[in-house]
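File shown here: upload.tsv, holding TSV, C-alpha atoms and all ligand atoms.
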```tsv
chain	number	residue	atom	x	y	z
A	1	MET	CA	4.95	-10.61	28.75
A	2	ASN	CA	3.47	-7.30	27.57
A	3	ASP	CA	1.33	-7.59	24.48
A	4	LYS	CA	2.90	-5.26	21.93
A	5	THR	CA	0.47	-6.19	19.17
A	6	PHE	CA	-2.74	-4.65	17.86
A	7	LYS	CA	-5.45	-5.57	15.35
A	8	LEU	CA	-5.11	-4.78	11.66
A	9	ASP	CA	-7.71	-5.06	8.88
A	10	ILE	CA	-6.71	-4.22	5.33
A	11	VAL	CA	-9.61	-4.17	2.89
A	12	ALA	CA	-9.58	-3.55	-0.88
A	13	PRO	CA	-12.78	-3.10	-2.93
A	14	ASP	CA	-12.76	-6.74	-4.02
A	15	ARG	CA	-11.34	-8.58	-0.98
A	16	VAL	CA	-10.10	-8.67	2.57
A	17	VAL	CA	-6.37	-8.37	2.05
A	18	TYR	CA	-5.29	-9.01	5.66
A	19	LYS	CA	-6.89	-9.55	9.03
A	20	GLY	CA	-4.76	-10.31	12.05
A	21	ARG	CA	-2.55	-9.01	14.85
A	22	VAL	CA	0.58	-7.04	14.03
A	23	ARG	CA	3.47	-5.39	15.84
A	24	SER	CA	3.72	-2.38	13.53
A	25	PHE	CA	2.02	-0.83	10.53
A	26	SER	CA	3.06	1.98	8.22
A	27	ALA	CA	1.32	3.72	5.34
A	28	PRO	CA	1.84	6.64	2.93
A	29	GLY	CA	-0.30	9.42	4.46
A	30	GLU	CA	-1.06	12.69	2.66
A	31	LEU	CA	1.45	14.39	4.94
A	32	GLY	CA	4.08	11.66	4.69
A	33	THR	CA	4.58	8.08	5.76
A	34	PHE	CA	3.37	7.35	9.28
A	35	GLN	CA	3.96	4.39	11.56
A	36	VAL	CA	1.56	2.88	14.08
A	37	LEU	CA	2.69	0.90	17.13
A	38	VAL	CA	0.60	-0.42	20.05
A	39	ASN	CA	-1.33	2.24	22.00
A	40	HIS	CA	-1.14	4.77	19.18
A	41	ALA	CA	-3.33	7.86	19.53
A	42	PRO	CA	-6.54	7.95	17.46
A	43	LEU	CA	-5.88	8.96	13.86
A	44	LEU	CA	-7.73	9.31	10.60
A	45	SER	CA	-5.65	9.79	7.46
A	46	SER	CA	-6.13	9.59	3.72
A	47	LEU	CA	-3.39	7.85	1.79
A	48	VAL	CA	-1.51	8.53	-1.41
A	49	VAL	CA	0.18	6.14	-3.84
A	50	GLY	CA	2.93	4.29	-2.01
A	51	GLU	CA	3.92	1.37	0.16
A	52	VAL	CA	1.94	-0.16	3.02
A	53	LYS	CA	4.06	-2.25	5.36
A	54	PHE	CA	3.39	-4.25	8.49
A	55	THR	CA	5.19	-6.66	10.79
A	56	ASP	CA	3.01	-9.54	11.93
A	57	GLU	CA	3.03	-11.24	15.34
A	58	ASP	CA	5.81	-13.62	14.26
A	59	GLY	CA	8.02	-10.82	12.95
A	60	ASN	CA	7.32	-11.39	9.25
A	61	ILE	CA	7.37	-8.13	7.31
A	62	GLU	CA	4.85	-7.77	4.49
A	63	TYR	CA	4.87	-5.07	1.81
A	64	PHE	CA	1.92	-3.93	-0.32
A	65	ALA	CA	1.57	-1.43	-3.11
A	66	THR	CA	-1.41	0.86	-2.67
A	67	SER	CA	-3.01	3.51	-4.87
A	68	GLY	CA	-4.55	5.38	-1.94
A	69	GLY	CA	-7.36	5.03	0.56
A	70	PHE	CA	-8.06	5.74	4.23
A	71	VAL	CA	-6.68	4.56	7.53
A	72	GLU	CA	-8.42	4.75	10.88
A	73	VAL	CA	-6.54	4.09	14.13
A	74	ARG	CA	-8.56	3.71	17.32
A	75	ASP	CA	-8.45	1.52	20.46
A	76	ASN	CA	-5.53	-0.60	19.26
A	77	ARG	CA	-7.26	-1.34	15.99
A	78	VAL	CA	-6.17	-0.18	12.53
A	79	ARG	CA	-8.55	-0.27	9.60
A	80	ALA	CA	-7.11	0.41	6.16
A	81	LEU	CA	-9.61	0.80	3.31
A	82	LEU	CA	-7.54	0.83	0.15
A	83	ASP	CA	-8.44	1.64	-3.46
A	84	ALA	CA	-6.02	-1.09	-4.53
A	85	ALA	CA	-3.60	-3.25	-2.58
A	86	GLU	CA	-1.23	-5.86	-3.99
A	87	ARG	CA	1.25	-7.82	-1.89
A	88	ALA	CA	4.80	-7.43	-3.25
A	89	ASP	CA	4.89	-11.00	-4.56
A	90	GLU	CA	1.43	-10.66	-6.21
A	91	ILE	CA	2.37	-7.71	-8.37
A	92	ASP	CA	2.26	-8.44	-12.09
A	93	VAL	CA	5.51	-6.77	-13.13
A	94	ASP	CA	4.85	-7.08	-16.90
A	95	ARG	CA	1.47	-5.41	-16.47
A	96	ALA	CA	2.98	-2.58	-14.45
A	97	GLN	CA	5.75	-2.16	-17.03
A	98	GLU	CA	3.18	-1.98	-19.84
A	99	SER	CA	1.09	0.50	-17.89
A	100	ARG	CA	4.23	2.58	-17.29
A	101	ASN	CA	5.12	2.54	-21.01
A	102	ARG	CA	1.58	3.57	-21.99
A	103	ALA	CA	1.65	6.45	-19.55
A	104	LEU	CA	5.08	7.60	-20.73
A	105	GLU	CA	3.94	7.50	-24.39
A	106	ARG	CA	0.89	9.60	-23.54
A	107	ILE	CA	2.95	12.12	-21.62
A	108	LYS	CA	5.54	12.33	-24.42
A	109	SER	CA	2.96	12.65	-27.21
A	110	ARG	CA	1.44	15.80	-25.70
A	111	ALA	CA	-1.63	15.07	-27.86
A	112	SER	CA	-4.46	17.50	-27.27
A	113	ASP	CA	-6.79	14.71	-26.13
A	114	THR	CA	-4.32	13.46	-23.51
A	115	ASN	CA	-5.40	13.98	-19.94
A	116	MET	CA	-1.96	14.78	-18.55
A	117	ALA	CA	-2.93	14.55	-14.90
A	118	ARG	CA	-4.46	11.13	-15.48
A	119	ALA	CA	-1.38	9.91	-17.37
A	120	LYS	CA	0.88	11.13	-14.55
A	121	ARG	CA	-1.21	9.38	-11.90
A	122	SER	CA	-1.09	6.17	-13.92
A	123	LEU	CA	2.71	6.51	-14.22
A	124	GLU	CA	2.96	7.05	-10.47
A	125	ARG	CA	0.94	3.88	-9.74
A	126	ALA	CA	3.03	1.83	-12.17
A	127	ASN	CA	6.34	3.14	-10.78
A	128	ASN	CA	5.16	2.36	-7.27
A	129	ARG	CA	4.20	-1.20	-8.22
A	130	LEU	CA	7.58	-1.77	-9.85
A	131	LYS	CA	9.34	-0.49	-6.73
A	132	VAL	CA	7.29	-2.53	-4.24
A	133	ALA	CA	7.62	-5.68	-6.40
A	134	GLN	CA	11.34	-5.63	-5.63
A	135	ARG	CA	10.73	-6.09	-1.92
A	136	THR	CA	11.62	-9.54	-0.75
A	137	LYS	CA	10.42	-11.25	2.39
A	138	GLU	CA	12.23	-10.14	5.52
A	139	THR	CA	11.94	-11.01	9.17
A	140	ALA	CA	12.13	-8.33	11.86
A	141	ALA	CA	14.46	-8.69	14.80
A	142	ALA	CA	12.60	-10.20	17.77
A	201	LIG	P1	-3.34	-0.82	-15.39
A	201	LIG	O1	-2.95	0.34	-16.28
A	201	LIG	O2	-2.38	-1.97	-15.51
A	201	LIG	O3	-4.79	-1.22	-15.46
A	201	LIG	P2	-4.01	0.75	-13.08
A	201	LIG	O4	-3.06	1.51	-12.20
A	201	LIG	O5	-4.89	1.55	-13.97
A	201	LIG	O6	-3.12	-0.30	-13.89
A	201	LIG	P3	-5.83	0.15	-10.98
A	201	LIG	O7	-7.05	0.83	-11.48
A	201	LIG	O8	-5.00	0.83	-9.93
A	201	LIG	O9	-4.88	-0.24	-12.21
A	201	LIG	O10	-6.18	-1.30	-10.43
A	201	LIG	C1	-7.23	-2.10	-10.93
A	201	LIG	C2	-7.14	-3.48	-10.29
A	201	LIG	O11	-6.04	-4.20	-10.84
A	201	LIG	C3	-6.90	-3.44	-8.79
A	201	LIG	O12	-7.56	-4.53	-8.20
A	201	LIG	C4	-5.39	-3.62	-8.66
A	201	LIG	O13	-5.05	-4.22	-7.42
A	201	LIG	C5	-5.09	-4.53	-9.83
A	201	LIG	N1	-3.76	-4.30	-10.43
A	201	LIG	C6	-3.40	-3.25	-11.20
A	201	LIG	N2	-2.14	-3.37	-11.64
A	201	LIG	C7	-1.66	-4.53	-11.10
A	201	LIG	C8	-0.43	-5.21	-11.17
A	201	LIG	N3	0.62	-4.73	-11.88
A	201	LIG	N4	-0.30	-6.38	-10.50
A	201	LIG	C9	-1.33	-6.89	-9.79
A	201	LIG	N5	-2.53	-6.30	-9.68
A	201	LIG	C10	-2.72	-5.13	-10.33
```
Target format structure tokens, applied to this file:
Amino acid sequence: MNDKTFKLDIVAPDRVVYKGRVRSFSAPGELGTFQVLVNHAPLLSSLVVGEVKFTDEDGNIEYFATSGGFVEVRDNRVRALLDAAERADEIDVDRAQESRNRALERIKSRASDTNMARAKRSLERANNRLKVAQRTKETAAA
């Protein structure tokens, strides 16, 4: 049987999030979401806030929220260095909701000491976490 898998390492500042073989990987690149399958051409991309997804060797699909980072693809190996990465079922929904409310208050207040760009980025991270937290475990077709 042809091996359709490749190596994936996902690293966050505080931990190794995942290390193993996968069938597919996708991430939110600066220019849009991209997908990597076996024998993908070399690639280097920075990431934006969004969803990282992969299908492992057994067909289990995993979803992570990320706040950005870098991905390198080379020789059937993907390395993702992420600023933050939380698996869908690890996301603290109350925390994300509170973060979202804080950001919305700041944006609404229009106070002169509010850093609008920072508040908007925080809102974007919180919204992304709330969205990814709704992902449930799925299994890909064989
Ligand atoms: P908050 O306003 O709640 O601090 P933030 O977007 O400012 O959110 P980050 O700076 O992106 O937080 O993340 C700091 C650390 O906390 C990272 O390790 C990140 O994975 C983790 N983290 C942040 N929010 C959550 C969450 N809702 N659930 C689980 N982990 C989280």
For ligand LIG 201 (chain A), which of A:Arg77, A:Arg106, A:His40, A:Arg15 is the closest residue, counting all atoms listed in the file? A:Arg15
Using all atoms listed in the file: which of A:Gly29, A:Gly59, A:Gly50, A:Gly68 has the shortest distance to Val11 of chain A: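 Ranked by minimum distance to Val11 of chain A, first place goes to A:Gly68.
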Which of A:Asp89, A:Glu51, A:Glu124, A:Asp75 sits closest to Ala27 of chain A [using all atoms listed in the file]: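 Looking only at the distances to Ala27 of chain A, the closest residue turns out to be A:Glu51.
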Show me a table, sorted first by chain and then by increasing residue number, of the residues of chain A having an atom at most 10 Å from ligand LIG 201 (chain A), each with its shortest atom pair and the distance in Å to one decimal, counting all atoms listed in the file and written as CSV.
```
residue,atom,partner,partner_atom,distance
A:Ala12,CA,A:LIG201,O12,7.7
A:Pro13,CA,A:LIG201,O12,7.6
A:Asp14,CA,A:LIG201,O12,7.0
A:Arg15,CA,A:LIG201,O12,9.1
A:Val49,CA,A:LIG201,O8,9.6
A:Phe64,CA,A:LIG201,O13,10.0
A:Ala65,CA,A:LIG201,O13,8.4
A:Thr66,CA,A:LIG201,O13,7.8
A:Ser67,CA,A:LIG201,O8,6.1
A:Gly68,CA,A:LIG201,O8,9.2
A:Leu82,CA,A:LIG201,O13,9.4
A:Asp83,CA,A:LIG201,O8,7.4
A:Ala84,CA,A:LIG201,O13,4.4
A:Ala85,CA,A:LIG201,O13,5.1
A:Glu86,CA,A:LIG201,O13,5.4
A:Arg87,CA,A:LIG201,C9,8.4
A:Ala88,CA,A:LIG201,N4,8.9
A:Asp89,CA,A:LIG201,C9,9.1
A:Glu90,CA,A:LIG201,C9,5.9
A:Ile91,CA,A:LIG201,N4,3.7
A:Asp92,CA,A:LIG201,N4,3.7
A:Val93,CA,A:LIG201,N3,5.4
A:Asp94,CA,A:LIG201,N3,7.0
A:Arg95,CA,A:LIG201,N3,4.7
A:Ala96,CA,A:LIG201,N3,4.1
A:Gln97,CA,A:LIG201,N3,7.7
A:Glu98,CA,A:LIG201,O2,7.0
A:Ser99,CA,A:LIG201,O1,4.4
A:Arg100,CA,A:LIG201,O1,7.6
A:Asn101,CA,A:LIG201,O1,9.6
A:Arg102,CA,A:LIG201,O1,8.0
A:Ala103,CA,A:LIG201,O1,8.3
A:Arg118,CA,A:LIG201,O5,9.7
A:Ala119,CA,A:LIG201,O5,9.7
A:Arg121,CA,A:LIG201,O4,8.1
A:Ser122,CA,A:LIG201,O4,5.3
A:Leu123,CA,A:LIG201,O4,7.9
A:Glu124,CA,A:LIG201,O4,8.4
A:Arg125,CA,A:LIG201,O4,5.3
A:Ala126,CA,A:LIG201,O4,6.1
A:Asn127,CA,A:LIG201,O4,9.6
A:Asn128,CA,A:LIG201,N3,9.6
A:Arg129,CA,A:LIG201,N3,6.2
A:Leu130,CA,A:LIG201,N3,7.8
A:Ala133,CA,A:LIG201,N3,8.9
```
Tell me which residues come within 12 Å of (6.6, -5.1, 15.3), as a list in words, counting all atoms listed in the file in the file's coordinates.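 Residues satisfying the cut-off, written out: Asp3, Lys4, Thr5, Phe6, Arg21, Val22, Arg23, Ser24, Phe25, Ser26, Gln35, Val36, Leu37, Val38, Lys53, Phe54, Thr55, Asp56, Glu57, Asp58, Gly59, Asn60, Ile61, Glu62, Thr139, Ala140, Ala141 and Ala142 of chain A.
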Could you work out an axis-aligned bounding box for all listed atoms of segment 60-71 of chain A, with 3 Å added on each of the six sides, and give its centre and edge lengths in Å to one decimal, as AutoDock Vina command-line options?
```
--center_x -0.3 --center_y -2.8 --center_z 2.2 --size_x 21.4 --size_y 23.1 --size_z 20.1
```
Would you mind telling me which residue in A:Ile107, A:Val16, A:Leu47, A:Ile10 lies nearest to Ala80 of chain A when using only C-alpha atoms?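 Of A:Ile107, A:Val16, A:Leu47, A:Ile10, the one nearest Ala80 of chain A, counting only C-alpha atoms, is A:Ile10.
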